[in-house]
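Engineer: Structure provided below as structure tokens; questions to follow.
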Amino acid sequence: MLEVRLRHRFPGFALDAGFTAGPGVTALFGPSGCGKSTILAAIAGLFRPDEGRVTLAGEALLDTATRRFLPPERRRCAVVFQEGRLFPHLSVEGNLRYGLRRAPAGADGPGFEVVVDLLGLGGLLARRPRALSGGEKQRVALGRALLSRPRLLLMDEPLAALDAPRRAEILPFLARLRDMEGPPILYVTHALEEVDALADALVLLEAGRVLAQGSPDELSLRPDLPLAARRDAGAVLTCTVAAHDPARGLTRLAFPGGTLEVPLRREAPGARLRIRLRARDIAVARTRPEGVSIHNILPCRLVAITPSAQHPDEVLLRLRVGEAVLLSRVLRDAVARLELREGDEVFALLKAVALDHAPG
Amino acid sequence: MLEVRLRHRFPGFALDAGFTAGPGVTALFGPSGCGKSTILAAIAGLFRPDEGRVTLAGEALLDTATRRFLPPERRRCAVVFQEGRLFPHLSVEGNLRYGLRRAPAGADGPGFEVVVDLLGLGGLLARRPRALSGGEKQRVALGRALLSRPRLLLMDEPLAALDAPRRAEILPFLARLRDMEGPPILYVTHALEEVDALADALVLLEAGRVLAQGSPDELSLRPDLPLAARRDAGAVLTCTVAAHDPARGLTRLAFPGGTLEVPLRREAPGARLRIRLRARDIAVARTRPEGVSIHNILPCRLVAITPSAQHPDEVLLRLRVGEAVLLSRVLRDAVARLELREGDEVFALLKAVALDHAPG
Amino acid sequence: QAPVTVFAAASLADALRLLGAEWAAHGHPAPRVSLAASSTLARQIEQGAGADLFLSADEAWMDHLQQRNLILPETRRSPIGNALALVTPTDQARQVALARGTDLLALLGPRGRLAVGDPAHVPAGRYARAAMEWMGQWDALSPRLARAENVRAALLLVERGEAPFGIVYATDAAASARVAVAGLFPPGSHPPVTYPFALTRRAADNAAARAFLDFLAGPEAAPVWRRLGFSLAG
Amino acid sequence: MMEGWLSAEEAQAVWLSLSVATRSVLVSLGPAVLVAWLLVRGRFPGRFLLDALVHLPLVVPPVVVGWALLMLFGVRGPIGAPLEEWFGIRLVFTSDAVVLATAVMGFPLIVRAVRLGLESVDEGLEAAARTLGAGRWDVFVTITLPLMLPGILAGAVVAFAAGLGEFGAVITFASNVPGETQTLPLAIYTATQTPGGEATAARLAGISFALALGGLMLAELIARRMHRWLGRG
Amino acid sequence: MMEGWLSAEEAQAVWLSLSVATRSVLVSLGPAVLVAWLLVRGRFPGRFLLDALVHLPLVVPPVVVGWALLMLFGVRGPIGAPLEEWFGIRLVFTSDAVVLATAVMGFPLIVRAVRLGLESVDEGLEAAARTLGAGRWDVFVTITLPLMLPGILAGAVVAFAAGLGEFGAVITFASNVPGETQTLPLAIYTATQTPGGEATAARLAGISFALALGGLMLAELIARRMHRWLGRG
Ligand SMILES: Nc1ncnc2c1ncn2[C@@H]1O[C@H](COP(=O)(O)OP(=O)(O)OP(=O)(O)O)[C@@H](O)[C@H]1O
Ligand SMILES: Nc1ncnc2c1ncn2[C@@H]1O[C@H](COP(=O)(O)OP(=O)(O)OP(=O)(O)O)[C@@H](O)[C@H]1O
Ligand code: MOO
Ligand SMILES: [Mg+2]
Ligand SMILES: [Mg+2]
């Protein structure tokens, strides 16, 4: 359990943020300049805030009240930086072993071979960092952090410097890492895609303050948060793989309220996964349409119609399907045309290919 | 008219590309490392290829056959670089006037005030580059290039270093520039969004060679080109603004084959604009569905069913609407389920909000 | 048998090379010779340098050491001397009668300078100053001097024709083919140029050093000194 | 031994030292920038030799440098003779000779610093300027030169400091002419060569140190402003 | 005048010069790295004074440096006396004295270069190393030091080259004893003190230059490898 409470003033910027993070991945999400890196640096011990207290599993890493400031090397909070920061004079193996060699004897964690396997670094060990692609660099940085046997893993936009294909290449490694029962992870990003793929908890930041903290599923449904204004806004459904149908090229996902048909996935039946259903991809119909290519037609109840703050001509429809909630973004005009009212029974329409291809 | 024909060998990379560019914006589009920057540098005179010929409006800028190599300062091809390359020791005004002061006396082009207005630089003139945000920097770089009164404007991924909001901030300036009757523009990018917004012509590059050259509308329909494999692949329609309906929050766009309803836009009626209809956003139906929120239901003929090379479970449907062609991406299973055959009459379904909000 | 360490004024370089070789030819270990300005050497001896024999070009620095009890006064002697010469570049050779009232300044012309060792600290310069005072020309010449770091640098200035005249030791003049002697300063025009030699305090029991000193001051060395242009003390 | 604060001659030596150090830096700057440019951007066969040549004054004893200068610039030297014949310029024994000797000795130091300054100039900016219509020379003057100013300043400072202490080459080439070529180091040297001159020498050395300190401080101030001006602050 | 290639004494001088230049660089390196680190990363009040002090040998004439060393390390000096009394170490007039004088003279040059090398080390890498469990000193040894090697090399080269030419401080502090403290520059001086010694002097100066050239060339080679090794090639 990580508890963070920080206050600091830079000229033109004031940080005043507090949050807690449990096991698994906690994402720090917010626009550029909102203070994410500053928070991470303060936790890692690379920056001394005016005022604050950071405790990890009950031990104070920082407490300005008692003038406690544990030096970074004794905090055991490894950081994966946006720019990788690999040591240019060491080989990949040298980089990986740097933290490992310095980890306390008793510290538990995956061994060298395990991490090399996990991150697919086998063929790279003898290379120098400059001979790595951007994606490979970040994988090494990840491995290096992991092998230092940290009690907390801090990641500062580890994918931001990469282009889309490279990002897609690394995301599955991160997902595997999360599922490995490793240390808690604090993950800074401004890509919702990464939040969806990884985050168990979400801390929303804006201008140095915490706007909201909670599960991604829950926060992504709140129209008052800036998340709702994004082009990729939508509900996040936690599903289980129910069955594969390779003949039809489909996988059926079960969620509390129904099933979704999506393009064939690789996960084994029973696997849990989180799917973002973008509001812009979901249409509604009064009656079940016939003879359409759309695979997912889910009966649901329209529970709320919320105007969109950003686009006056659009509204967000909140749709309940069993226990799950979906969001649909439509034009104001559609609401009038279909005479939609809160409480109506409608069908949510969702193209299967609108869902992103599974990473990995 | 720009004619380019270049051949060059780097260790591990061979460039062998030829294309022509007319007035307006010609986009050079291709993956990282395919030779885009090298081509631009050769045209600008910053790089001397093994072999090649570049002519602009009939004058040879480079001709290895006759050993002609016009130095860059006499080519009058201004470049906007990805990293801006503003002169750090000059104010914004000093940067802007740098090229202006060196432009030939007779050269025609927008005046200082016009460019400052166009790019919204009024408040920045006295600042130093380091005091500018990334987006402001690129606007200044653009203005500086423009004010040197170039005969050709070369832009090397001018938006790539910026994040999405910053990109959205600059795109309209580029669009205004294109509509200004300025010099022809060669625009390097690997963002389809920018091609859609700006390009009159498209040159597709891969590994140093030209794959195809043509109008963006035409090339985006070709399933044999890598464009079709992208998540944002789809048809580009050139439309005219037919009418606004502010009460309903809609604009009606006419295209050769029908009309589209889209969220209210700012362009005046009669304005031409290009809209990318992403294949993944388009569903098909055998019969016209009733009571659905979907605004655009276009009767069309299914002219071709092409398997998707990248995703074996998906197919691309080529739909003819009047003279226009749309692409729809659906699961193979949908084709089976609806028993779709080439030649069938179907309806294309497209949510209005699936279209991007207009820049500007 | 350890070699004798000799600290010698740089102007004795040539002589020590020849005499050292001769000494070695007698079956003794060749002396170790450290050459520098007498002032530098004296300061080094003052700071404990391992010199057995000090050959100074200047009585003042020998006095300085003697006052500090760093040499053996009974060994101090000045077996050789030198004369002071007015030299010109060979291609401008001419004779100048050096007497009280000789107008050296006029000989220098409007721009020419007189090359000397710096009278502030170079012994040859100090003798030159005395000679100029004797001629009654010091005040006039003093601003027209090219003060060199040592006497050989002064000689160089004349050799190269940078200065039309220079005042150097007769030995330097004799050794250089590129300068001609315009005149020798008469013995009374400056204090006698003598080279005080002495054993240092630390060499009190050093028989070899004592022997070498005797050799240098003795008849065997005389032809060499004479050949190089030194005068032998009566 | 000198008593009191500064004798007239010493004051003159201080003044001459400052003037010589300043002038030698000023005359070196142009050639140093040129040579640094050749070393960094040049692609000609003799580049390494030029590099070595520039280091020459650092490598051989200063007295030898002075001696070589005398051979070259003396009235009978291959440069000195025509200089006198055609232009009536005679260098030796003038304060110009002191400046020349000092400049030559400081040259490697200044070139090294200027070179680092130049290496830090982004060639991309130069390319950008050329596409905006500026020719090679124009680019050099308006872009490269301003951007390498910090390096030039650093070089000027170290050469100035070293110039205040230059001795061997100066006394050999320019001789010690009080009021004309007697710089502070020469005065210090003279003092150390005089029995009992320690106090004077120490005092003069202190002055020399204070001057260099002042120069360094000034440079630090200018460098800070310059960095801010260049947008690196 | 000397005939033939190299007399035994001259060969000894060449060898001594090489050995002295090398040893003086080696003894300077540690202190230079420490001082550079203090100057770049330190935030203490006397920083500027330390900077000035480091420049001192550059500012005052070498002879004065030698003289000051003589006063300090002489058998009666405030450092030399206890050194002799307590440890029986007598520096003056040994080749160790030559090394000391040369090291002191080269110190400003080496510090300047090391400093630039240090300034180019990304502090982000140091921070990263600390989060991986490395303490300050560990980080310095395993990250900072290897990354500043090019700067250290550059400093070593220039100090080596300058060390080959060091004269005034050496002759004053260490004396001019052939085979013991007579380095090349001192041999050159001795030659110029001998009538007709110009040819010998010129020949020795040529050797000195060739040695420095060799050092520079070697350094250029090493620097290239090093840059490749550091992933900047
Ligand atoms: N050392 C500093 N001095 C002054 N201001 C600073 C300093 N470090 C950060 N800031 C300011 O604090 C604010 C937060 O910076 P921070 O780097 O934490 O943002 P961020 O959320 O990580 O942004 P990004 O997504 O761009 O990385 C910014 O406005 C920045 O300008
Ligand atoms: N000076 C050079 N020496 C060797 N290879 C080079 C050089 N310049 C470019 N290349 C190679 O040429 C190829 C094309 O490079 P170029 O910069 O033109 O690509 P690009 O299309 O602009 O890529 P990006 O989208 O990443 O900017 C690359 O493989 C690159 O490694
Ligand atoms: O998505 Mo619509 O077409 O606004 O109902
Ligand atoms: Mg950040
Ligand atoms: Mg490029």
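In the structure tokens, each chain is lettered A, B, ... as it comes, each chain's residues begin at 1, and ligands are numbered from 1 in order of appearance.
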Do you have, as CSV, the list of residues of chain A lying at most 12 Å from ligand 3, each with its nearest atom pair and that distance in Å to one decimal, counting only C-alpha atoms and all ligand atoms and ordered by chain then number?

Structural biologist:
residue,atom,partner,partner_atom_place_in_ligand_line,distance
A:Arg278,CA,ligand 3,1 (O),11.9
A:Ala279,CA,ligand 3,1 (O),9.3
A:Arg280,CA,ligand 3,1 (O),6.9
A:Asp281,CA,ligand 3,1 (O),7.8
A:Ile282,CA,ligand 3,1 (O),7.4
A:Ala283,CA,ligand 3,1 (O),5.6
A:Val284,CA,ligand 3,5 (O),7.3
A:Ala285,CA,ligand 3,5 (O),9.2
A:Arg286,CA,ligand 3,5 (O),11.9
A:His311,CA,ligand 3,4 (O),11.8
A:Asp313,CA,ligand 3,4 (O),9.0
A:Glu314,CA,ligand 3,4 (O),7.3
A:Val315,CA,ligand 3,4 (O),8.7
A:Leu316,CA,ligand 3,4 (O),10.2
A:Leu317,CA,ligand 3,5 (O),10.6
A:Leu327,CA,ligand 3,1 (O),12.0
A:Ser328,CA,ligand 3,1 (O),8.2
A:Arg329,CA,ligand 3,1 (O),6.5
A:Val330,CA,ligand 3,4 (O),3.7
A:Leu331,CA,ligand 3,4 (O),3.6
A:Arg332,CA,ligand 3,4 (O),7.1
A:Asp333,CA,ligand 3,4 (O),7.1
A:Ala334,CA,ligand 3,5 (O),4.9
A:Val335,CA,ligand 3,5 (O),7.7
A:Ala336,CA,ligand 3,5 (O),10.2
A:Arg337,CA,ligand 3,5 (O),9.3
A:Leu338,CA,ligand 3,5 (O),9.3
A:Leu340,CA,ligand 3,5 (O),11.4
A:Ala348,CA,ligand 3,5 (O),11.3
A:Leu349,CA,ligand 3,1 (O),10.3
A:Leu350,CA,ligand 3,1 (O),11.2

Engineer: For N, CA and C atoms, I'd like the residues from the last selection saved as a PDB file, in the first residue's frame.

Structural biologist:
ATOM      1  N   ARG A 278     -15.992   2.168 -27.085  1.00  0.00           N
ATOM      2  CA  ARG A 278     -16.015   3.623 -27.273  1.00  0.00           C
ATOM      3  C   ARG A 278     -17.435   4.101 -27.519  1.00  0.00           C
ATOM      4  N   ALA A 279     -17.802   5.169 -26.866  1.00  0.00           N
ATOM      5  CA  ALA A 279     -19.153   5.714 -26.985  1.00  0.00           C
ATOM      6  C   ALA A 279     -19.469   6.075 -28.428  1.00  0.00           C
ATOM      7  N   ARG A 280     -18.484   6.535 -29.152  1.00  0.00           N
ATOM      8  CA  ARG A 280     -18.753   6.970 -30.525  1.00  0.00           C
ATOM      9  C   ARG A 280     -19.050   5.799 -31.451  1.00  0.00           C
ATOM     10  N   ASP A 281     -18.672   4.583 -31.019  1.00  0.00           N
ATOM     11  CA  ASP A 281     -18.890   3.417 -31.866  1.00  0.00           C
ATOM     12  C   ASP A 281     -20.259   2.757 -31.601  1.00  0.00           C
ATOM     13  N   ILE A 282     -20.949   3.218 -30.592  1.00  0.00           N
ATOM     14  CA  ILE A 282     -22.204   2.545 -30.215  1.00  0.00           C
ATOM     15  C   ILE A 282     -23.407   3.369 -30.656  1.00  0.00           C
ATOM     16  N   ALA A 283     -24.257   2.718 -31.433  1.00  0.00           N
ATOM     17  CA  ALA A 283     -25.515   3.337 -31.857  1.00  0.00           C
ATOM     18  C   ALA A 283     -26.652   2.689 -31.066  1.00  0.00           C
ATOM     19  N   VAL A 284     -27.805   3.300 -31.108  1.00  0.00           N
ATOM     20  CA  VAL A 284     -28.956   2.665 -30.452  1.00  0.00           C
ATOM     21  C   VAL A 284     -30.103   2.516 -31.454  1.00  0.00           C
ATOM     22  N   ALA A 285     -30.953   1.551 -31.179  1.00  0.00           N
ATOM     23  CA  ALA A 285     -32.127   1.328 -32.039  1.00  0.00           C
ATOM     24  C   ALA A 285     -33.330   1.030 -31.157  1.00  0.00           C
ATOM     25  N   ARG A 286     -34.480   1.465 -31.615  1.00  0.00           N
ATOM     26  CA  ARG A 286     -35.730   1.210 -30.874  1.00  0.00           C
ATOM     27  C   ARG A 286     -36.098  -0.267 -30.969  1.00  0.00           C
ATOM     28  N   HIS A 311     -19.377  19.243 -26.912  1.00  0.00           N
ATOM     29  CA  HIS A 311     -20.032  19.365 -28.214  1.00  0.00           C
ATOM     30  C   HIS A 311     -21.509  19.548 -27.994  1.00  0.00           C
ATOM     31  N   ASP A 313     -23.993  19.755 -29.690  1.00  0.00           N
ATOM     32  CA  ASP A 313     -24.972  19.027 -30.493  1.00  0.00           C
ATOM     33  C   ASP A 313     -24.981  17.531 -30.201  1.00  0.00           C
ATOM     34  N   GLU A 314     -24.155  17.118 -29.232  1.00  0.00           N
ATOM     35  CA  GLU A 314     -24.081  15.697 -28.953  1.00  0.00           C
ATOM     36  C   GLU A 314     -24.538  15.401 -27.536  1.00  0.00           C
ATOM     37  N   VAL A 315     -24.972  14.177 -27.324  1.00  0.00           N
ATOM     38  CA  VAL A 315     -25.330  13.741 -25.974  1.00  0.00           C
ATOM     39  C   VAL A 315     -24.691  12.381 -25.719  1.00  0.00           C
ATOM     40  N   LEU A 316     -24.525  12.082 -24.435  1.00  0.00           N
ATOM     41  CA  LEU A 316     -24.064  10.763 -24.040  1.00  0.00           C
ATOM     42  C   LEU A 316     -25.250   9.985 -23.497  1.00  0.00           C
ATOM     43  N   LEU A 317     -25.469   8.787 -24.034  1.00  0.00           N
ATOM     44  CA  LEU A 317     -26.540   7.934 -23.515  1.00  0.00           C
ATOM     45  C   LEU A 317     -25.897   6.905 -22.597  1.00  0.00           C
ATOM     46  N   LEU A 327     -21.788   3.342 -22.674  1.00  0.00           N
ATOM     47  CA  LEU A 327     -22.038   4.718 -23.069  1.00  0.00           C
ATOM     48  C   LEU A 327     -22.182   4.750 -24.573  1.00  0.00           C
ATOM     49  N   SER A 328     -23.094   5.583 -25.031  1.00  0.00           N
ATOM     50  CA  SER A 328     -23.242   5.781 -26.472  1.00  0.00           C
ATOM     51  C   SER A 328     -23.295   7.271 -26.730  1.00  0.00           C
ATOM     52  N   ARG A 329     -22.545   7.674 -27.735  1.00  0.00           N
ATOM     53  CA  ARG A 329     -22.569   9.096 -28.081  1.00  0.00           C
ATOM     54  C   ARG A 329     -23.378   9.252 -29.376  1.00  0.00           C
ATOM     55  N   VAL A 330     -24.394  10.060 -29.329  1.00  0.00           N
ATOM     56  CA  VAL A 330     -25.192  10.287 -30.549  1.00  0.00           C
ATOM     57  C   VAL A 330     -25.475  11.772 -30.666  1.00  0.00           C
ATOM     58  N   LEU A 331     -25.988  12.159 -31.822  1.00  0.00           N
ATOM     59  CA  LEU A 331     -26.371  13.554 -31.988  1.00  0.00           C
ATOM     60  C   LEU A 331     -27.647  13.812 -31.206  1.00  0.00           C
ATOM     61  N   ARG A 332     -27.752  15.013 -30.690  1.00  0.00           N
ATOM     62  CA  ARG A 332     -28.966  15.493 -30.050  1.00  0.00           C
ATOM     63  C   ARG A 332     -30.180  15.179 -30.940  1.00  0.00           C
ATOM     64  N   ASP A 333     -29.985  15.359 -32.241  1.00  0.00           N
ATOM     65  CA  ASP A 333     -31.052  15.151 -33.206  1.00  0.00           C
ATOM     66  C   ASP A 333     -31.579  13.718 -33.163  1.00  0.00           C
ATOM     67  N   ALA A 334     -30.687  12.757 -32.914  1.00  0.00           N
ATOM     68  CA  ALA A 334     -31.132  11.359 -32.888  1.00  0.00           C
ATOM     69  C   ALA A 334     -32.064  11.130 -31.711  1.00  0.00           C
ATOM     70  N   VAL A 335     -31.762  11.781 -30.597  1.00  0.00           N
ATOM     71  CA  VAL A 335     -32.626  11.644 -29.426  1.00  0.00           C
ATOM     72  C   VAL A 335     -34.027  12.148 -29.756  1.00  0.00           C
ATOM     73  N   ALA A 336     -34.084  13.287 -30.442  1.00  0.00           N
ATOM     74  CA  ALA A 336     -35.376  13.848 -30.806  1.00  0.00           C
ATOM     75  C   ALA A 336     -36.089  12.929 -31.811  1.00  0.00           C
ATOM     76  N   ARG A 337     -35.350  12.517 -32.806  1.00  0.00           N
ATOM     77  CA  ARG A 337     -35.939  11.721 -33.883  1.00  0.00           C
ATOM     78  C   ARG A 337     -36.525  10.415 -33.337  1.00  0.00           C
ATOM     79  N   LEU A 338     -35.767   9.751 -32.439  1.00  0.00           N
ATOM     80  CA  LEU A 338     -36.230   8.470 -31.894  1.00  0.00           C
ATOM     81  C   LEU A 338     -37.089   8.660 -30.652  1.00  0.00           C
ATOM     82  N   LEU A 340     -36.264   9.457 -27.671  1.00  0.00           N
ATOM     83  CA  LEU A 340     -35.677   8.686 -26.579  1.00  0.00           C
ATOM     84  C   LEU A 340     -35.945   9.364 -25.255  1.00  0.00           C
ATOM     85  N   ALA A 348     -28.507  -1.587 -28.060  1.00  0.00           N
ATOM     86  CA  ALA A 348     -27.198  -0.971 -28.359  1.00  0.00           C
ATOM     87  C   ALA A 348     -26.561  -1.740 -29.514  1.00  0.00           C
ATOM     88  N   LEU A 349     -26.106  -1.008 -30.524  1.00  0.00           N
ATOM     89  CA  LEU A 349     -25.513  -1.643 -31.694  1.00  0.00           C
ATOM     90  C   LEU A 349     -24.011  -1.383 -31.709  1.00  0.00           C
ATOM     91  N   LEU A 350     -23.235  -2.443 -31.890  1.00  0.00           N
ATOM     92  CA  LEU A 350     -21.785  -2.279 -31.855  1.00  0.00           C
ATOM     93  C   LEU A 350     -21.129  -3.198 -32.869  1.00  0.00           C
TER      94      LEU A 350
END

Engineer: Report as number ranges by chain all protein, DNA and RNA residues lying within 8 Å of stretch 32-41 of chain C, evaluated on only C-alpha atoms, omitting residues in the same chain fewer than 3 positions from it.

Structural biologist: C: 3-10, 13, 16, 44-45, 56-58, 61, 121-122, 150; D: 193-195; E: 171-172, 175-178, 190

Engineer: When you draw a straight line from atom CA of B:Arg144 to atom CA of B:Pro23, how long is it in Å?

Structural biologist: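 About the pair atom CA of B:Arg144 and atom CA of B:Pro23: they are 20.5 Å apart.
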
Engineer: Calculate how many Å separate atom CA of B:Val195 from atom CA of B:Ile170, rounding to one decimal.

Structural biologist: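 Answer for the atom CA of B:Val195 to atom CA of B:Ile170 separation: 14.0 Å.
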
Engineer: Can you work out which residues are within 10 Å of ligand 1, considering only C-alpha atoms and all ligand atoms, and then hand them over as number ranges by chain?

Structural biologist: A: 8-15, 28-42, 47, 82, 156-157, 160, 188-190, 205-208; B: 163

Engineer: Tell me, as a PyMOL selection string, which residues lie within 7 Å of stretch 67-78 of chain B, counting only C-alpha atoms; anything in the same chain fewer than 4 positions away does not count.

Structural biologist: (chain B and resi 44-46+61-63+145+150-154) or (chain D and resi 130-135)

Engineer: Based on the backbone DSSP call, show me all residues of stretch 40-163 of chain D assigned alpha helix (DSSP H), as an NGL selection string.

Structural biologist: :D and (40-41 or 47-59 or 62-73 or 80-87 or 95-119 or 123-131 or 136-139 or 145-147 or 149-163)

Engineer: How about saving the chosen residues, C-alpha atoms kept, as a compact mmCIF listing (two decimals), in the first residue's frame?

Structural biologist:
# COMPACT_ATOMS: atom_id res chain seq x y z
CA VAL D 40 35.55 20.83 -36.99
CA ARG D 41 33.89 21.25 -40.35
CA ARG D 47 43.49 18.39 -40.97
CA PHE D 48 45.31 16.31 -38.42
CA LEU D 49 48.57 18.10 -39.10
CA LEU D 50 46.89 21.45 -38.61
CA ASP D 51 45.53 20.18 -35.33
CA ALA D 52 49.01 19.16 -34.23
CA LEU D 53 50.48 22.46 -35.39
CA VAL D 54 47.98 24.37 -33.32
CA HIS D 55 49.11 22.42 -30.27
CA LEU D 56 52.75 23.17 -30.98
CA PRO D 57 53.15 26.15 -28.62
CA LEU D 58 51.71 24.03 -25.85
CA VAL D 59 54.18 21.28 -26.48
CA PRO D 62 57.90 28.78 -24.28
CA VAL D 63 61.49 29.89 -24.71
CA VAL D 64 61.69 27.84 -27.86
CA VAL D 65 58.54 29.45 -29.14
CA GLY D 66 60.06 32.85 -28.47
CA TRP D 67 63.22 31.78 -30.19
CA ALA D 68 61.27 30.52 -33.22
CA LEU D 69 59.35 33.77 -33.35
CA LEU D 70 62.59 35.67 -33.32
CA MET D 71 63.85 33.57 -36.22
CA LEU D 72 60.66 34.23 -38.18
CA PHE D 73 59.80 37.80 -37.26
CA GLY D 80 60.22 40.04 -40.35
CA ALA D 81 62.46 41.16 -43.21
CA PRO D 82 59.75 41.74 -45.82
CA LEU D 83 57.52 43.23 -43.11
CA GLU D 84 60.14 45.85 -42.41
CA GLU D 85 61.10 46.37 -46.02
CA TRP D 86 57.61 46.74 -47.42
CA PHE D 87 55.67 48.19 -44.56
CA SER D 95 54.68 45.78 -27.22
CA ASP D 96 53.29 44.35 -30.46
CA ALA D 97 55.92 41.67 -30.17
CA VAL D 98 54.72 40.91 -26.67
CA VAL D 99 51.20 40.65 -28.02
CA LEU D 100 52.30 38.34 -30.80
CA ALA D 101 54.23 36.05 -28.47
CA THR D 102 51.37 35.98 -25.99
CA ALA D 103 48.84 35.33 -28.73
CA VAL D 104 50.85 32.44 -30.13
CA MET D 105 51.20 30.86 -26.71
CA GLY D 106 47.49 31.24 -25.96
CA PHE D 107 46.42 30.04 -29.38
CA PRO D 108 46.05 26.32 -28.58
CA LEU D 109 43.97 27.12 -25.53
CA ILE D 110 41.66 29.42 -27.40
CA VAL D 111 41.29 27.08 -30.37
CA ARG D 112 40.38 24.18 -28.10
CA ALA D 113 37.61 26.16 -26.44
CA VAL D 114 36.29 27.71 -29.64
CA ARG D 115 36.25 24.27 -31.17
CA LEU D 116 34.09 22.91 -28.40
CA GLY D 117 31.80 25.89 -28.87
CA LEU D 118 31.54 25.19 -32.55
CA GLU D 119 30.94 21.49 -32.02
CA GLU D 123 24.36 21.93 -38.09
CA GLY D 124 20.64 21.62 -38.64
CA LEU D 125 20.26 25.31 -37.87
CA GLU D 126 22.86 26.14 -40.46
CA ALA D 127 21.08 23.99 -43.03
CA ALA D 128 17.81 25.69 -42.16
CA ALA D 129 19.37 29.11 -42.67
CA ARG D 130 20.65 28.11 -46.07
CA THR D 131 17.25 26.99 -47.24
CA ARG D 136 27.66 30.02 -46.57
CA TRP D 137 29.30 33.15 -45.29
CA ASP D 138 26.03 34.78 -44.36
CA VAL D 139 25.10 31.68 -42.35
CA LEU D 145 29.16 32.76 -34.97
CA PRO D 146 26.51 33.95 -32.51
CA LEU D 147 25.80 30.40 -31.42
CA LEU D 149 29.92 32.76 -28.67
CA PRO D 150 30.00 30.86 -25.37
CA GLY D 151 32.89 28.78 -26.63
CA ILE D 152 34.64 31.86 -27.92
CA LEU D 153 34.16 33.53 -24.57
CA ALA D 154 35.53 30.54 -22.70
CA GLY D 155 38.53 30.50 -24.99
CA ALA D 156 39.07 34.22 -24.59
CA VAL D 157 39.01 33.90 -20.82
CA VAL D 158 41.50 31.11 -20.56
CA ALA D 159 43.77 32.78 -23.10
CA PHE D 160 43.49 36.05 -21.22
CA ALA D 161 44.40 34.37 -17.96
CA ALA D 162 47.29 32.53 -19.56
CA GLY D 163 48.34 35.75 -21.28

Engineer: Could you give the C-alpha RMSD in Å for chain D superposed on chain E, pairing all atoms in order?

Structural biologist: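 Least-squares fit of chain D onto chain E, C-alpha RMSD 0.4 Å.
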
Engineer: Chain C near chain D within 8 Å: what's each residue's closest atom pair and its distance in Å to one decimal, counting only C-alpha atoms, ordered by chain then ascending residue number, as a tab-separated table?

Structural biologist:
residue	atom	partner	partner_atom	distance
C:Ser39	CA	D:Gln193	CA	5.6
C:Thr40	CA	D:Gln193	CA	7.1
C:Trp61	CA	D:Pro195	CA	7.5
C:His64	CA	D:Pro195	CA	7.4
C:Asp118	CA	D:Asn176	CA	7.4
C:Ala120	CA	D:Thr190	CA	6.4
C:His121	CA	D:Gln193	CA	5.5
C:Pro143	CA	D:Val177	CA	7.4
C:Arg144	CA	D:Val177	CA	7.9
C:Leu145	CA	D:Val177	CA	6.7
C:Ala146	CA	D:Ser175	CA	5.6
C:Arg147	CA	D:Asn176	CA	4.7
C:Ala148	CA	D:Ser175	CA	5.3
C:Glu149	CA	D:Ile171	CA	6.4
C:Ala153	CA	D:Thr172	CA	6.9
C:Arg160	CA	D:Arg76	CA	6.7
C:Gly161	CA	D:Val75	CA	6.7
C:Glu162	CA	D:Val75	CA	5.9
